[in-house]
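The file my_file-v6.cif comes next; it holds mmCIF, C-alpha atoms and all ligand atoms.
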data_input
loop_
_atom_site.label_atom_id
_atom_site.label_comp_id
_atom_site.auth_asym_id
_atom_site.auth_seq_id
_atom_site.Cartn_x
_atom_site.Cartn_y
_atom_site.Cartn_z
CA MET A 1 -94.43 26.48 31.96
CA ARG A 2 -95.57 29.83 30.71
CA VAL A 3 -97.31 30.09 27.36
CA VAL A 4 -97.53 33.39 25.51
CA VAL A 5 -99.77 33.26 22.45
CA VAL A 6 -98.98 36.00 19.94
CA LYS A 7 -100.85 37.34 16.91
CA SER A 8 -97.93 37.71 14.51
CA LEU A 9 -94.38 36.61 13.85
CA GLU A 10 -93.25 40.13 14.64
CA ASP A 11 -94.89 39.92 18.07
CA MET A 12 -93.22 36.55 18.64
CA GLY A 13 -89.85 38.17 17.90
CA LYS A 14 -90.61 41.04 20.24
CA GLU A 15 -91.78 38.83 23.14
CA ALA A 16 -88.79 36.51 22.87
CA GLY A 17 -86.41 39.41 22.20
CA ALA A 18 -87.56 41.14 25.37
CA ILE A 19 -86.68 38.06 27.44
CA VAL A 20 -83.23 37.73 25.86
CA ALA A 21 -82.57 41.48 26.10
CA GLU A 22 -83.51 41.59 29.78
CA GLY A 23 -81.00 38.83 30.49
CA MET A 24 -78.28 40.44 28.41
CA ARG A 25 -78.71 43.79 30.14
CA ALA A 26 -78.64 42.20 33.60
CA LYS A 27 -75.57 40.05 33.07
CA PRO A 28 -72.41 40.78 31.12
CA HIS A 29 -71.07 37.72 29.30
CA TYR A 30 -74.63 36.43 28.92
CA VAL A 31 -74.52 32.93 27.45
CA VAL A 32 -77.28 32.23 24.94
CA GLY A 33 -78.06 28.94 23.26
CA LEU A 34 -79.32 29.56 19.73
CA ALA A 35 -81.43 27.67 17.22
CA THR A 36 -81.67 27.71 13.43
CA GLY A 37 -84.60 27.11 11.06
CA ASP A 38 -87.37 29.45 10.00
CA THR A 39 -88.88 29.83 13.46
CA PRO A 40 -86.23 31.93 15.24
CA LYS A 41 -85.78 34.40 12.34
CA PRO A 42 -88.25 36.96 13.82
CA LEU A 43 -86.30 36.83 17.09
CA TYR A 44 -83.03 37.48 15.26
CA ARG A 45 -84.63 40.39 13.36
CA GLU A 46 -85.71 41.83 16.72
CA LEU A 47 -82.25 41.40 18.26
CA ILE A 48 -80.73 43.19 15.25
CA ARG A 49 -83.31 45.98 15.66
CA LEU A 50 -82.48 46.27 19.37
CA HIS A 51 -78.81 46.56 18.47
CA LYS A 52 -79.31 49.17 15.74
CA GLU A 53 -82.08 51.23 17.33
CA GLU A 54 -81.60 50.74 21.06
CA ASP A 55 -77.84 50.24 21.28
CA MET A 56 -78.09 46.72 22.57
CA ASP A 57 -74.54 45.57 23.11
CA PHE A 58 -73.43 42.09 22.04
CA SER A 59 -69.71 42.68 22.59
CA THR A 60 -69.52 40.36 25.60
CA THR A 61 -72.32 37.96 24.63
CA VAL A 62 -71.39 34.31 24.21
CA THR A 63 -73.45 31.94 22.07
CA PHE A 64 -73.66 28.19 21.54
CA ASN A 65 -75.78 26.78 18.75
CA LEU A 66 -77.85 23.69 19.29
CA ASP A 67 -76.76 21.73 16.29
CA GLU A 68 -75.05 21.44 12.92
CA TYR A 69 -75.26 19.06 10.00
CA LEU A 70 -72.44 16.56 9.67
CA ASN A 71 -70.31 16.74 6.53
CA LEU A 72 -71.60 20.12 5.37
CA PRO A 73 -68.83 22.75 5.32
CA ALA A 74 -69.44 26.01 7.21
CA THR A 75 -69.28 27.82 3.86
CA HIS A 76 -72.31 25.88 2.52
CA ASP A 77 -75.37 28.12 2.50
CA GLN A 78 -77.41 25.49 4.35
CA SER A 79 -74.89 25.03 7.16
CA TYR A 80 -76.02 26.40 10.47
CA ARG A 81 -72.80 28.41 10.84
CA TYR A 82 -73.66 30.17 7.57
CA PHE A 83 -77.26 30.70 8.76
CA MET A 84 -76.17 32.25 12.06
CA ASP A 85 -73.62 34.55 10.43
CA HIS A 86 -76.18 35.81 7.93
CA GLU A 87 -79.29 35.94 10.11
CA LEU A 88 -77.68 37.46 13.22
CA PHE A 89 -73.96 37.61 13.88
CA ASN A 90 -72.97 39.75 10.87
CA HIS A 91 -75.52 42.39 11.88
CA VAL A 92 -74.60 42.96 15.56
CA ASN A 93 -71.37 43.72 17.41
CA ILE A 94 -70.82 40.18 18.62
CA VAL A 95 -67.23 38.88 18.68
CA LYS A 96 -67.17 35.92 16.28
CA ALA A 97 -64.77 34.03 18.54
CA ASN A 98 -67.51 34.08 21.18
CA THR A 99 -69.98 32.37 18.84
CA HIS A 100 -69.95 28.59 18.83
CA VAL A 101 -71.57 26.24 16.35
CA PRO A 102 -70.66 22.53 16.36
CA ASP A 103 -68.15 21.72 13.62
CA GLY A 104 -69.83 19.34 11.20
CA MET A 105 -66.52 18.76 9.41
CA SER A 106 -64.61 17.66 12.52
CA ASP A 107 -62.45 14.61 11.90
CA ASP A 108 -62.97 13.46 15.48
CA VAL A 109 -66.64 14.06 16.16
CA GLU A 110 -66.73 12.32 19.53
CA THR A 111 -63.93 14.44 20.95
CA HIS A 112 -65.41 17.56 19.37
CA CYS A 113 -68.74 16.88 21.14
CA MET A 114 -66.98 16.44 24.49
CA VAL A 115 -65.05 19.67 23.97
CA TYR A 116 -68.29 21.48 23.04
CA GLU A 117 -69.84 20.39 26.34
CA ALA A 118 -66.70 21.42 28.23
CA MET A 119 -66.77 24.88 26.60
CA ILE A 120 -70.36 25.38 27.77
CA GLU A 121 -69.36 24.29 31.27
CA ASP A 122 -66.29 26.57 31.25
CA VAL A 123 -68.43 29.67 30.76
CA GLY A 124 -70.74 28.61 33.59
CA GLY A 125 -73.48 27.00 31.50
CA MET A 126 -76.15 28.61 29.37
CA ASP A 127 -78.21 31.45 30.77
CA CYS A 128 -80.91 31.16 28.14
CA GLN A 129 -81.59 28.55 25.47
CA VAL A 130 -83.74 29.39 22.44
CA LEU A 131 -85.51 26.40 20.90
CA GLY A 132 -87.71 25.56 17.96
CA ILE A 133 -89.71 22.35 17.79
CA GLY A 134 -89.87 19.76 15.03
CA ARG A 135 -93.18 18.43 13.74
CA ASN A 136 -92.14 15.20 15.45
CA GLY A 137 -91.44 16.99 18.76
CA HIS A 138 -87.67 17.12 18.38
CA ILE A 139 -85.57 19.81 20.07
CA GLY A 140 -82.21 20.44 18.50
CA PHE A 141 -81.79 17.24 16.52
CA ASN A 142 -82.87 15.10 19.47
CA GLU A 143 -85.32 12.95 17.59
CA PRO A 144 -88.07 10.85 19.24
CA GLY A 145 -86.46 8.06 21.23
CA SER A 146 -83.50 10.18 22.36
CA SER A 147 -82.53 9.79 25.99
CA LEU A 148 -83.83 12.63 28.13
CA ALA A 149 -80.35 12.68 29.74
CA SER A 150 -78.49 12.81 26.41
CA ARG A 151 -75.46 15.06 25.86
CA THR A 152 -73.88 16.59 22.76
CA ARG A 153 -73.32 13.83 20.21
CA ALA A 154 -73.68 12.73 16.59
CA VAL A 155 -77.16 11.50 15.64
CA ASP A 156 -79.07 10.12 12.66
CA LEU A 157 -81.91 12.30 11.39
CA THR A 158 -85.34 10.71 10.99
CA ASP A 159 -87.01 10.53 7.58
CA ASP A 160 -89.57 13.07 8.81
CA THR A 161 -86.86 15.60 9.66
CA ILE A 162 -85.02 14.99 6.37
CA GLU A 163 -88.30 15.54 4.53
CA ALA A 164 -89.09 18.71 6.54
CA ASN A 165 -85.63 20.14 5.85
CA SER A 166 -85.59 19.19 2.16
CA ARG A 167 -87.39 22.48 1.39
CA MET A 168 -84.03 24.19 1.87
CA PHE A 169 -82.12 21.94 -0.55
CA ALA A 170 -82.40 21.40 -4.30
CA ASN A 171 -83.04 17.65 -3.85
CA ILE A 172 -84.03 15.57 -0.84
CA GLU A 173 -80.90 13.46 -1.56
CA ASP A 174 -78.80 16.53 -0.73
CA VAL A 175 -80.12 16.80 2.86
CA PRO A 176 -77.48 15.54 5.28
CA LYS A 177 -78.61 12.43 7.13
CA ARG A 178 -76.56 12.98 10.25
CA ALA A 179 -75.88 15.90 12.56
CA ILE A 180 -74.26 16.94 15.80
CA THR A 181 -76.72 18.09 18.44
CA MET A 182 -76.62 19.22 22.02
CA GLY A 183 -78.39 16.61 24.13
CA ILE A 184 -81.68 16.99 25.95
CA GLY A 185 -79.71 16.84 29.21
CA THR A 186 -77.48 19.68 27.94
CA ILE A 187 -80.52 21.79 27.02
CA LEU A 188 -82.24 21.20 30.36
CA GLU A 189 -79.23 22.62 32.22
CA SER A 190 -79.82 26.08 30.75
CA GLU A 191 -81.03 28.54 33.41
CA LYS A 192 -83.92 29.65 31.23
CA ILE A 193 -85.53 28.22 28.09
CA ILE A 194 -87.59 29.95 25.38
CA MET A 195 -89.51 27.70 22.99
CA LEU A 196 -90.78 29.25 19.77
CA ALA A 197 -93.36 27.67 17.48
CA THR A 198 -95.39 28.89 14.53
CA GLY A 199 -97.81 27.33 12.05
CA PRO A 200 -100.47 24.62 12.21
CA GLY A 201 -97.90 21.95 11.38
CA LYS A 202 -96.43 22.39 14.86
CA ALA A 203 -99.75 22.32 16.77
CA ALA A 204 -99.70 18.61 17.62
CA ALA A 205 -96.07 18.73 18.77
CA VAL A 206 -96.72 21.82 20.90
CA ALA A 207 -99.74 20.17 22.55
CA ALA A 208 -97.75 16.98 23.21
CA ALA A 209 -94.87 18.99 24.66
CA LEU A 210 -97.04 21.02 27.03
CA GLU A 211 -99.87 18.67 27.90
CA GLY A 212 -98.76 15.15 27.04
CA PRO A 213 -96.77 12.79 29.25
CA VAL A 214 -93.04 13.38 29.64
CA SER A 215 -91.91 10.85 27.08
CA VAL A 216 -89.08 10.14 24.68
CA LYS A 217 -91.81 9.99 22.01
CA CYS A 218 -91.92 13.79 22.20
CA PRO A 219 -88.47 15.06 23.20
CA ALA A 220 -89.85 18.58 23.85
CA SER A 221 -92.04 17.14 26.63
CA ALA A 222 -88.82 16.96 28.70
CA LEU A 223 -89.18 20.73 29.09
CA GLN A 224 -91.93 19.98 31.63
CA LEU A 225 -89.08 18.98 33.97
CA HIS A 226 -87.51 22.46 33.76
CA PRO A 227 -88.46 25.27 36.18
CA ASP A 228 -88.20 28.24 33.79
CA VAL A 229 -89.63 27.65 30.31
CA THR A 230 -91.60 30.15 28.24
CA PHE A 231 -93.38 29.05 25.09
CA VAL A 232 -93.92 31.95 22.68
CA ILE A 233 -96.22 30.65 19.98
CA THR A 234 -98.59 31.88 17.30
CA GLU A 235 -102.31 31.06 17.58
CA ASP A 236 -102.17 28.36 14.91
CA ALA A 237 -99.31 26.57 16.69
CA GLY A 238 -101.36 26.65 19.90
CA SER A 239 -104.61 25.54 18.30
CA ARG A 240 -104.51 22.06 19.85
CA LEU A 241 -103.89 23.19 23.41
CA THR A 242 -106.63 23.07 26.00
CA LEU A 243 -107.95 26.45 27.00
CA LYS A 244 -105.96 26.69 30.21
CA PHE A 245 -102.88 27.48 28.12
CA ARG A 246 -104.54 30.12 25.93
CA ARG A 247 -105.38 33.65 26.81
P1 LIG B 1 -88.18 25.20 11.67
O1 LIG B 1 -87.44 23.99 12.37
O2 LIG B 1 -88.01 26.38 12.59
O3 LIG B 1 -87.50 25.42 10.36
O4 LIG B 1 -89.62 24.80 11.56
C1 LIG B 1 -87.64 23.77 13.72
C2 LIG B 1 -87.04 22.44 14.13
O5 LIG B 1 -87.07 21.50 13.33
O6 LIG B 1 -86.56 22.33 15.27
#
Spit out the file's structure as C-alpha cells when you get a sec.
Ligand code: PGA
Amino acid sequence: MRVVVVKSLEDMGKEAGAIVAEGMRAKPHYVVGLATGDTPKPLYRELIRLHKEEDMDFSTTVTFNLDEYLNLPATHDQSYRYFMDHELFNHVNIVKANTHVPDGMSDDVETHCMVYEAMIEDVGGMDCQVLGIGRNGHIGFNEPGSSLASRTRAVDLTDDTIEANSRMFANIEDVPKRAITMGIGTILESEKIIMLATGPGKAAAVAAALEGPVSVKCPASALQLHPDVTFVITEDAGSRLTLKFRR
C-alpha cells in the first residue's frame, strides 16, 4: 500500500483529486465509489475546482456511494444523498441519474441491496473507491466484526459510530441506528482504492489498518489484501505509524 502524508487538508484534496482526475481522463464512464463525512470534503472541493477551472468533465461519470442511513429521507440534511448533492453533484456537470446512493427509505431493503450490487456489476465494477475510516477502523458502515467477504446489506451501527456521528444531529437520540452499506467484499473489488484520513482521532485506526494484522477487529485492515490502495493522510492521522510509512 502506498502512503502519502500531506501537510494540509487542501493538499489531501489535491493528491486524491489528482488520482481521481487521472482515471476520469483516461476512461470515459469512469465509475467512482464515494464516501461521506468530513474527511472527503477537501477532495470534493478539489473536484469542483477541477471542473470549474480546468474543464474537468463529469458528464459520463458514474458514482456509487458507500452507504446511507436507514429511515432517513433523502431530503433530510443529514442523509448522504443530501450531502452528496450539496458537497459535489450540484456543482459539477454530472448527470444525477448516474449518481447512486443506497435508498434508506426502501420498503424492501434486502432486494434493494441486491439490486445495488447488480447495478455496480452492470457497469463493470468500480474503477476507484474513495474511503474514509472510522475511529473504530470501519470502512463504509462495516463495523468491527463484519465479514471481510460481506456485500451490500443493512447493518446496525455501533455505539462508537453513533456517538461519533452525533455531532451532526441535534441530539444523539436522533442519530439513525441502522444503515445500508456496501460490504467489504464489494469495496475490495474496486480496481483502485483511495483511503483518506485526518486528525489524531484516526491515528490508531490508520496504524491498525496499515500495520496491524488483517482482522475483522479493524475492517480497514482488509485493504492490505488489495493490490492498489493509496492512503492520503495528514501528519496527525499518521502519527502512530512506524517510520517506514512516513516520508
Ligand atoms: P468522518 O467519518 O470523515 O466524518 O470522520 C469517516 C467514517 O466514519 O468513515
Next item on the list: List all protein, DNA and RNA residues that have an atom no more than 8 Å from any atom of ligand LIG 1 (chain B), counting all atoms listed in the file, and report them as a list of chain:residue names.
Entry: A:Ala35, A:Thr36, A:Gly37, A:Asp38, A:Thr39, A:Pro40, A:Leu131, A:Gly132, A:Ile133, A:Gly134, A:Arg135, A:His138, A:Ile139, A:Gly140, A:Phe141, A:Thr161, A:Ala164, A:Asn165, A:Ala197, A:Thr198, A:Lys202
Checklist line | Neighbour residues at most 12 Å from (-93.1, 36.1, 17.7) (only C-alpha atoms) as a ChimeraX atom specification | finding: /A:4-19,38-46,132,194-199,231-235,237
Note to self: My list of candidates is A:Asp127, A:Asp108, A:Asp85, A:Asp156. Which is closest to Thr61 in chain A when distances are computed with all atoms listed in the file?
What the structure shows: A:Asp127
Next item on the list: Go ahead and compute the interatomic distance for CA of Leu34 in chain A and CA of Thr242 in chain A, in Å to one decimal.
Entry: 28.8 Å
Next item on the list: Find the distance between CA of Gly185 in chain A and CA of Ala21 in chain A and write it in Å to one decimal.
Entry: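 Taking CA of Gly185 in chain A and CA of Ala21 in chain A, their separation equals 25.0 Å.
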Checklist line | Residue neighbourhood Val92 in chain A, 10 Å, all atoms listed in the file, exclusion window fewer than 5 positions, as a PyMOL selection string | finding: chain A and resi 47-52+55-59+85
Item checked: Contact residues around Gly104 in chain A with only C-alpha atoms at 8 Å, ignoring same-chain residues under 3 positions, as a list of chain:residue names ->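 Close residues of Gly104 in chain A: A:Glu68, A:Tyr69, A:Leu70, A:Asn71, A:Leu72, A:Pro73, A:Ala74, A:Val109, A:Ala179, A:Ile180.
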Item checked: Gap from CA of His86 in chain A to CA of Ala26 in chain A - Å, one decimal -> 26.6 Å
Margin query: Distance cut-off 9 Å, centre (-83.7, 14.6, 18.7) in file coordinates, counting only C-alpha atoms: which residues qualify? Return them as a ChimeraX atom specification.
Written below: /A:134,137-147,155-158,181,183-184,218-220
Hey, can you spit out that residue selection with C-alpha atoms as a PDB file, in the coordinates of the input?
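again-v1.pdb written:
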ATOM      1  CA  GLY A 134     -89.870  19.760  15.030  1.00  0.00           C
ATOM      2  CA  GLY A 137     -91.440  16.990  18.760  1.00  0.00           C
ATOM      3  CA  HIS A 138     -87.670  17.120  18.380  1.00  0.00           C
ATOM      4  CA  ILE A 139     -85.570  19.810  20.070  1.00  0.00           C
ATOM      5  CA  GLY A 140     -82.210  20.440  18.500  1.00  0.00           C
ATOM      6  CA  PHE A 141     -81.790  17.240  16.520  1.00  0.00           C
ATOM      7  CA  ASN A 142     -82.870  15.100  19.470  1.00  0.00           C
ATOM      8  CA  GLU A 143     -85.320  12.950  17.590  1.00  0.00           C
ATOM      9  CA  PRO A 144     -88.070  10.850  19.240  1.00  0.00           C
ATOM     10  CA  GLY A 145     -86.460   8.060  21.230  1.00  0.00           C
ATOM     11  CA  SER A 146     -83.500  10.180  22.360  1.00  0.00           C
ATOM     12  CA  SER A 147     -82.530   9.790  25.990  1.00  0.00           C
ATOM     13  CA  VAL A 155     -77.160  11.500  15.640  1.00  0.00           C
ATOM     14  CA  ASP A 156     -79.070  10.120  12.660  1.00  0.00           C
ATOM     15  CA  LEU A 157     -81.910  12.300  11.390  1.00  0.00           C
ATOM     16  CA  THR A 158     -85.340  10.710  10.990  1.00  0.00           C
ATOM     17  CA  THR A 181     -76.720  18.090  18.440  1.00  0.00           C
ATOM     18  CA  GLY A 183     -78.390  16.610  24.130  1.00  0.00           C
ATOM     19  CA  ILE A 184     -81.680  16.990  25.950  1.00  0.00           C
ATOM     20  CA  CYS A 218     -91.920  13.790  22.200  1.00  0.00           C
ATOM     21  CA  PRO A 219     -88.470  15.060  23.200  1.00  0.00           C
ATOM     22  CA  ALA A 220     -89.850  18.580  23.850  1.00  0.00           C
TER      23      ALA A 220
END
Next item on the list: Between A:Thr63, A:Ser150, A:Asn93, A:Thr111, single out the one closest to Gly33 in chain A, counting only C-alpha atoms.
Entry: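 Under the stated criterion, the closest residue is A:Thr63.
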Just need the box for range 222-236 of chain A, edges along x, y and z, holding every atom the file lists for it with 3 Å tacked onto each side, so centre and edge lengths in Å to one decimal, as AutoDock Vina command-line options.
--center_x -94.9 --center_y 24.5 --center_z 25.5 --size_x 20.8 --size_y 21.0 --size_z 27.3
Completed range 116-127 of chain A (all heavy atoms) as a compact mmCIF listing (two decimals), in the coordinates of the input:
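Output file result.txt is given in full below:
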# COMPACT_ATOMS: atom_id res chain seq x y z
N TYR A 116 -67.16 20.53 23.12
CA TYR A 116 -68.29 21.48 23.04
C TYR A 116 -68.99 21.58 24.41
O TYR A 116 -69.26 22.66 24.92
CB TYR A 116 -69.27 21.02 21.97
CG TYR A 116 -70.15 22.11 21.40
CD1 TYR A 116 -69.63 23.11 20.58
CD2 TYR A 116 -71.52 22.16 21.70
CE1 TYR A 116 -70.44 24.11 20.05
CE2 TYR A 116 -72.34 23.16 21.17
CZ TYR A 116 -71.79 24.13 20.35
OH TYR A 116 -72.60 25.12 19.83
N GLU A 117 -69.24 20.42 24.99
CA GLU A 117 -69.84 20.39 26.34
C GLU A 117 -68.94 21.09 27.35
O GLU A 117 -69.41 21.85 28.19
CB GLU A 117 -70.03 18.92 26.79
CG GLU A 117 -71.12 18.19 26.07
CD GLU A 117 -72.49 18.34 26.75
OE1 GLU A 117 -72.54 18.63 27.96
OE2 GLU A 117 -73.50 18.16 26.05
N ALA A 118 -67.64 20.83 27.26
CA ALA A 118 -66.70 21.42 28.23
C ALA A 118 -66.65 22.94 28.07
O ALA A 118 -66.53 23.67 29.06
CB ALA A 118 -65.31 20.81 28.02
N MET A 119 -66.78 23.42 26.82
CA MET A 119 -66.77 24.88 26.60
C MET A 119 -68.00 25.52 27.24
O MET A 119 -67.92 26.61 27.82
CB MET A 119 -66.72 25.19 25.10
CG MET A 119 -65.36 24.92 24.49
SD MET A 119 -65.18 25.63 22.82
CE MET A 119 -66.49 24.83 21.93
N ILE A 120 -69.13 24.85 27.15
CA ILE A 120 -70.36 25.38 27.77
C ILE A 120 -70.16 25.43 29.29
O ILE A 120 -70.47 26.43 29.95
CB ILE A 120 -71.60 24.52 27.40
CG1 ILE A 120 -71.87 24.60 25.90
CG2 ILE A 120 -72.82 24.95 28.20
CD1 ILE A 120 -72.95 23.64 25.39
N GLU A 121 -69.59 24.36 29.82
CA GLU A 121 -69.36 24.29 31.27
C GLU A 121 -68.37 25.38 31.71
O GLU A 121 -68.57 26.03 32.73
CB GLU A 121 -68.81 22.91 31.60
CG GLU A 121 -69.13 22.46 33.01
CD GLU A 121 -68.58 21.07 33.26
OE1 GLU A 121 -68.82 20.17 32.42
OE2 GLU A 121 -67.89 20.91 34.28
N ASP A 122 -67.33 25.59 30.91
CA ASP A 122 -66.29 26.57 31.25
C ASP A 122 -66.82 27.99 31.40
O ASP A 122 -66.27 28.79 32.14
CB ASP A 122 -65.19 26.59 30.18
CG ASP A 122 -64.24 25.43 30.34
OD1 ASP A 122 -64.35 24.72 31.36
OD2 ASP A 122 -63.40 25.22 29.44
N VAL A 123 -67.87 28.31 30.65
CA VAL A 123 -68.43 29.67 30.76
C VAL A 123 -69.58 29.71 31.78
O VAL A 123 -70.30 30.69 31.87
CB VAL A 123 -68.89 30.25 29.40
CG1 VAL A 123 -67.71 30.47 28.48
CG2 VAL A 123 -69.94 29.37 28.74
N GLY A 124 -69.74 28.62 32.52
CA GLY A 124 -70.74 28.61 33.59
C GLY A 124 -72.12 28.14 33.16
O GLY A 124 -73.09 28.33 33.87
N GLY A 125 -72.20 27.52 31.98
CA GLY A 125 -73.48 27.00 31.50
C GLY A 125 -74.27 28.07 30.78
O GLY A 125 -73.92 29.25 30.81
N MET A 126 -75.35 27.65 30.13
CA MET A 126 -76.15 28.61 29.37
C MET A 126 -77.12 29.35 30.27
O MET A 126 -77.74 28.77 31.15
CB MET A 126 -76.90 27.89 28.26
CG MET A 126 -76.04 27.82 27.03
SD MET A 126 -76.43 26.61 25.84
CE MET A 126 -77.17 25.28 26.60
N ASP A 127 -77.23 30.65 30.03
CA ASP A 127 -78.21 31.45 30.77
C ASP A 127 -79.59 31.32 30.14
O ASP A 127 -80.60 31.36 30.84
CB ASP A 127 -77.79 32.93 30.77
CG ASP A 127 -76.51 33.13 31.56
OD1 ASP A 127 -76.49 32.74 32.74
OD2 ASP A 127 -75.53 33.66 31.01
